[in-house]
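Notes for the one structure printed next.
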Amino acid sequence: MRQLFIRDRSTDLHGTTVIRDKNGKSCYLLVGKWGMRYDALSLYAIDGALLAEVKQLTLGLLPKFALYVNRQRVGTIGKGFGFVQQVIYIRGINWIIVGSPLTSRYRVFSGSHLVFSIQPVKLSSGYCHELKVNKKEDEPLAILIASILNHWARRSEQEPLLARLMKRSPKLSTSMSFSISNQLNLTCKSHKNK
């Protein structure tokens, strides 16, 4: 399992993001922008080879995106409803995303097998997203899916919403974080038992 770190793109929607491993080594370049139909993010290897892309198909409250690997369309992902808990199905590759936009923590499964997980972490340079990916060949899609999830949860502040809520209401932190972590654990256990 490899750890990758993606800087929050919320303040840099038109630039290039370098994806690094836990040792700080540059692994991938993420280039592109959001906002208009057919806008795209492209993921490149450090040597410049195009690995994967995500293209915005529709606009509105429930936008859809197409996923491409080696210039071949492999799947589509659409935004789901849910504030505390979300389950999103990725057509084509048959992956299921389970997580919470409130905490920005997600797990992605193929059947009962964990493909990768996403969680926000605070580093000295600010907040970023940590990906733990089981197989190297899944890294390009994992990075693009994490970028989509981050785009949907984009906020003016980089700090996760749950962390901000807990600062405002300390009494809320214990019950809410316990409830959310229990929901995530139950959902993940039910996927493992199937």
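Simple scheme: letters A, B, ... for chains in structure tokens order, numbers from 1 for residues in each chain, numbers from 1 for ligands in the order shown.
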
Do you know which residues are at most 12 Å from Arg37 (chain A) counting only C-alpha atoms, after dropping those on the same chain fewer than 5 positions away, and could you put them as an MDAnalysis selection string? chainID A and resid 54:60 63:66

Near-Ser100 (chain A) list (6 Å; only C-alpha atoms; drop same-chain fewer than 3 positions) as a compact mmCIF listing (two decimals) with N, CA and C atoms, in the first residue's frame:
```txt
# COMPACT_ATOMS: atom_id res chain seq x y z
N VAL A 84 -24.09 13.69 5.44
CA VAL A 84 -23.31 12.98 6.45
C VAL A 84 -22.68 11.73 5.86
N GLN A 85 -23.42 11.01 5.02
CA GLN A 85 -22.94 9.75 4.47
C GLN A 85 -23.30 9.69 2.98
N GLN A 86 -22.37 9.23 2.15
CA GLN A 86 -22.63 9.08 0.73
C GLN A 86 -22.17 7.70 0.27
N THR A 103 -16.59 14.87 6.64
CA THR A 103 -15.24 14.60 7.15
C THR A 103 -14.19 14.53 6.05
N SER A 104 -14.63 14.47 4.79
CA SER A 104 -13.75 14.29 3.63
C SER A 104 -12.97 12.98 3.71
N ARG A 105 -13.57 11.98 4.32
CA ARG A 105 -12.96 10.64 4.40
C ARG A 105 -13.79 9.69 3.55
```

task: Based on DSSP run over this structure's backbone, return all residues of region 12-110 of chain A in strand (DSSP E or B), as number ranges by chain.
output: A: 16-21, 26-32, 40-45, 50-56, 64-69, 72-78, 86-91, 95-100, 105-110

d(CA of Arg20 (chain A), CA of Glu137 (chain A)) in Å =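 Computing it gives 16.1 Å between the two atoms.
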
Skipping near chain neighbours, those fewer than 4 positions away, what residues fall within 10 Å of Ile46 (chain A) using only C-alpha atoms, listed as an NGL selection string?
-> :A and (18-19 or 26-29 or 50)

* To do: Name the residues in contact with Leu4 (chain A) at a cut-off of 8 Å, using only C-alpha atoms, excluding same-chain residues fewer than 4 positions from it; report them as a ChimeraX atom specification.
  => /A:19-22,130-133

In terms of only C-alpha atoms, the residue from A:Leu62, A:Ala49, A:Ala142, A:Cys128 at minimal distance from Trp95 (chain A) is A:Ala142

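Non-sequential neighbours of Leu61 (chain A) (distance at most 12 Å, separation of 6 or more positions within a chain, only C-alpha atoms) are Gly78, Lys79, Gly80, Phe81 and Trp152 of chain A.
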
Restricting the output to N, CA, C and O atoms, write the selected residues as a compact mmCIF listing (two decimals), in the first residue's frame.
```
# COMPACT_ATOMS: atom_id res chain seq x y z
N GLY A 78 -20.98 10.17 -11.03
CA GLY A 78 -21.91 11.28 -10.83
C GLY A 78 -22.05 11.59 -9.37
O GLY A 78 -21.94 10.70 -8.52
N LYS A 79 -22.29 12.85 -9.08
CA LYS A 79 -22.44 13.26 -7.69
C LYS A 79 -23.71 12.69 -7.10
O LYS A 79 -24.76 12.68 -7.74
N GLY A 80 -23.62 12.19 -5.87
CA GLY A 80 -24.78 11.64 -5.18
C GLY A 80 -25.29 12.60 -4.12
O GLY A 80 -24.64 13.59 -3.80
N PHE A 81 -26.47 12.31 -3.61
CA PHE A 81 -27.01 13.09 -2.51
C PHE A 81 -26.42 12.59 -1.20
O PHE A 81 -25.97 11.46 -1.11
N TRP A 152 -16.10 18.47 -5.35
CA TRP A 152 -17.47 18.53 -4.86
C TRP A 152 -17.55 19.12 -3.46
O TRP A 152 -18.53 19.76 -3.11
```

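Interatomic distance, CA of Gly75 (chain A) against CA of Leu141 (chain A): 10.1 Å.
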
| Leu67 (chain A) surroundings by only C-alpha atoms, 10 Å radius, close-in-sequence under 6 positions cut, as number ranges by chain | A: 40-41, 52-56, 73-77, 90-93, 141, 144-145

For the selection you just gave me, I'd like the residues written to a file as a CSV table (one decimal), in the first residue's frame, keeping all heavy atoms.
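Below is the file that was written, result.csv:
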```
chain,number,residue,atom,x,y,z
A,40,ALA,N,-11.4,19.5,-18.3
A,40,ALA,CA,-10.8,18.2,-18.0
A,40,ALA,C,-9.6,18.4,-17.0
A,40,ALA,O,-9.0,19.5,-17.0
A,40,ALA,CB,-10.3,17.5,-19.2
A,41,LEU,N,-9.3,17.4,-16.3
A,41,LEU,CA,-8.1,17.2,-15.5
A,41,LEU,C,-7.3,16.1,-16.1
A,41,LEU,O,-7.9,15.0,-16.4
A,41,LEU,CB,-8.4,16.9,-14.0
A,41,LEU,CG,-8.8,18.0,-13.1
A,41,LEU,CD1,-9.0,17.5,-11.7
A,41,LEU,CD2,-7.9,19.2,-13.1
A,52,ALA,N,-4.0,9.3,-17.4
A,52,ALA,CA,-5.5,9.2,-17.2
A,52,ALA,C,-6.1,10.7,-17.3
A,52,ALA,O,-5.3,11.6,-17.1
A,52,ALA,CB,-5.8,8.6,-15.9
A,53,GLU,N,-7.4,10.7,-17.5
A,53,GLU,CA,-8.1,12.0,-17.6
A,53,GLU,C,-9.5,11.8,-17.0
A,53,GLU,O,-10.0,10.8,-17.0
A,53,GLU,CB,-8.2,12.5,-19.0
A,53,GLU,CG,-6.9,12.9,-19.7
A,53,GLU,CD,-7.2,13.4,-21.1
A,53,GLU,OE1,-7.6,12.6,-21.9
A,53,GLU,OE2,-7.0,14.6,-21.3
A,54,VAL,N,-10.0,13.0,-16.5
A,54,VAL,CA,-11.4,13.0,-16.1
A,54,VAL,C,-12.0,14.2,-16.8
A,54,VAL,O,-11.4,15.3,-16.8
A,54,VAL,CB,-11.6,13.1,-14.6
A,54,VAL,CG1,-10.9,14.3,-14.0
A,54,VAL,CG2,-13.1,13.1,-14.2
A,55,LYS,N,-13.1,14.0,-17.5
A,55,LYS,CA,-13.8,15.1,-18.3
A,55,LYS,C,-15.2,15.4,-17.7
A,55,LYS,O,-15.9,14.4,-17.5
A,55,LYS,CB,-13.8,14.8,-19.8
A,55,LYS,CG,-12.5,14.7,-20.4
A,55,LYS,CD,-12.5,14.3,-21.9
A,55,LYS,CE,-11.1,14.2,-22.5
A,55,LYS,NZ,-11.1,13.8,-23.9
A,56,GLN,N,-15.5,16.6,-17.5
A,56,GLN,CA,-16.8,17.0,-17.0
A,56,GLN,C,-17.8,16.9,-18.2
A,56,GLN,O,-17.7,17.5,-19.2
A,56,GLN,CB,-16.8,18.4,-16.5
A,56,GLN,CG,-18.0,18.8,-15.8
A,56,GLN,CD,-17.9,20.0,-14.9
A,56,GLN,OE1,-16.8,20.5,-14.7
A,56,GLN,NE2,-19.0,20.5,-14.3
A,73,ARG,N,-12.2,5.5,-22.6
A,73,ARG,CA,-13.2,5.7,-21.5
A,73,ARG,C,-13.4,4.4,-20.8
A,73,ARG,O,-13.8,3.4,-21.3
A,73,ARG,CB,-14.5,6.2,-22.1
A,73,ARG,CG,-15.5,6.7,-21.1
A,73,ARG,CD,-16.6,7.4,-21.8
A,73,ARG,NE,-17.7,7.6,-20.9
A,73,ARG,CZ,-18.7,8.5,-21.2
A,73,ARG,NH1,-18.7,9.1,-22.3
A,73,ARG,NH2,-19.7,8.6,-20.3
A,74,VAL,N,-13.2,4.5,-19.4
A,74,VAL,CA,-13.4,3.3,-18.6
A,74,VAL,C,-14.6,3.4,-17.7
A,74,VAL,O,-15.0,2.4,-17.1
A,74,VAL,CB,-12.1,3.0,-17.8
A,74,VAL,CG1,-11.0,2.7,-18.7
A,74,VAL,CG2,-11.7,4.2,-16.9
A,75,GLY,N,-15.1,4.6,-17.4
A,75,GLY,CA,-16.2,4.7,-16.5
A,75,GLY,C,-16.8,6.1,-16.4
A,75,GLY,O,-16.2,7.1,-16.9
A,76,THR,N,-17.9,6.2,-15.6
A,76,THR,CA,-18.5,7.5,-15.3
A,76,THR,C,-18.8,7.6,-13.9
A,76,THR,O,-19.1,6.6,-13.2
A,76,THR,CB,-19.8,7.8,-16.2
A,76,THR,OG1,-20.7,6.8,-15.9
A,76,THR,CG2,-19.5,7.9,-17.6
A,77,ILE,N,-18.7,8.8,-13.3
A,77,ILE,CA,-19.1,9.0,-11.9
A,77,ILE,C,-19.9,10.3,-11.9
A,77,ILE,O,-19.7,11.3,-12.5
A,77,ILE,CB,-17.8,9.2,-11.1
A,77,ILE,CG1,-18.1,9.5,-9.6
A,77,ILE,CG2,-16.9,10.3,-11.7
A,77,ILE,CD1,-16.9,9.5,-8.7
A,90,ILE,N,-19.4,4.0,-9.3
A,90,ILE,CA,-18.7,4.4,-10.5
A,90,ILE,C,-19.0,3.3,-11.6
A,90,ILE,O,-18.5,2.2,-11.5
A,90,ILE,CB,-17.2,4.5,-10.3
A,90,ILE,CG1,-16.9,5.4,-9.1
A,90,ILE,CG2,-16.5,5.0,-11.5
A,90,ILE,CD1,-15.5,5.5,-8.7
A,91,ARG,N,-19.8,3.7,-12.6
A,91,ARG,CA,-20.2,2.8,-13.7
A,91,ARG,C,-19.0,2.5,-14.6
A,91,ARG,O,-18.1,3.4,-14.8
A,91,ARG,CB,-21.3,3.5,-14.5
A,91,ARG,CG,-22.6,3.7,-13.8
A,91,ARG,CD,-23.6,4.3,-14.7
A,91,ARG,NE,-24.8,4.7,-14.0
A,91,ARG,CZ,-25.8,3.9,-13.6
A,91,ARG,NH1,-25.7,2.6,-14.0
A,91,ARG,NH2,-26.8,4.4,-13.0
A,92,GLY,N,-18.9,1.3,-15.1
A,92,GLY,CA,-17.8,0.9,-16.0
A,92,GLY,C,-16.8,0.1,-15.3
A,92,GLY,O,-16.4,-1.0,-15.7
A,93,ILE,N,-16.2,0.7,-14.2
A,93,ILE,CA,-15.2,0.0,-13.4
A,93,ILE,C,-15.8,-0.7,-12.2
A,93,ILE,O,-15.1,-1.4,-11.5
A,93,ILE,CB,-14.0,0.9,-13.0
A,93,ILE,CG1,-14.5,2.1,-12.2
A,93,ILE,CG2,-13.2,1.3,-14.2
A,93,ILE,CD1,-13.4,3.0,-11.7
A,141,LEU,N,-6.4,6.4,-11.5
A,141,LEU,CA,-7.8,6.6,-11.2
A,141,LEU,C,-8.1,7.1,-9.8
A,141,LEU,O,-9.0,7.9,-9.6
A,141,LEU,CB,-8.6,5.3,-11.5
A,141,LEU,CG,-8.9,5.0,-13.0
A,141,LEU,CD1,-9.6,3.7,-13.1
A,141,LEU,CD2,-9.6,6.1,-13.7
A,144,LEU,N,-7.5,10.8,-9.7
A,144,LEU,CA,-8.6,11.6,-10.3
A,144,LEU,C,-9.9,11.6,-9.5
A,144,LEU,O,-10.6,12.6,-9.4
A,144,LEU,CB,-8.8,11.0,-11.7
A,144,LEU,CG,-7.7,11.3,-12.7
A,144,LEU,CD1,-7.9,10.6,-14.1
A,144,LEU,CD2,-7.4,12.8,-12.9
A,145,ILE,N,-10.2,10.4,-9.0
A,145,ILE,CA,-11.5,10.3,-8.2
A,145,ILE,C,-11.3,11.2,-6.9
A,145,ILE,O,-12.3,11.9,-6.5
A,145,ILE,CB,-11.8,8.8,-7.8
A,145,ILE,CG1,-12.2,8.1,-9.1
A,145,ILE,CG2,-12.9,8.7,-6.8
A,145,ILE,CD1,-12.2,6.6,-9.0
```
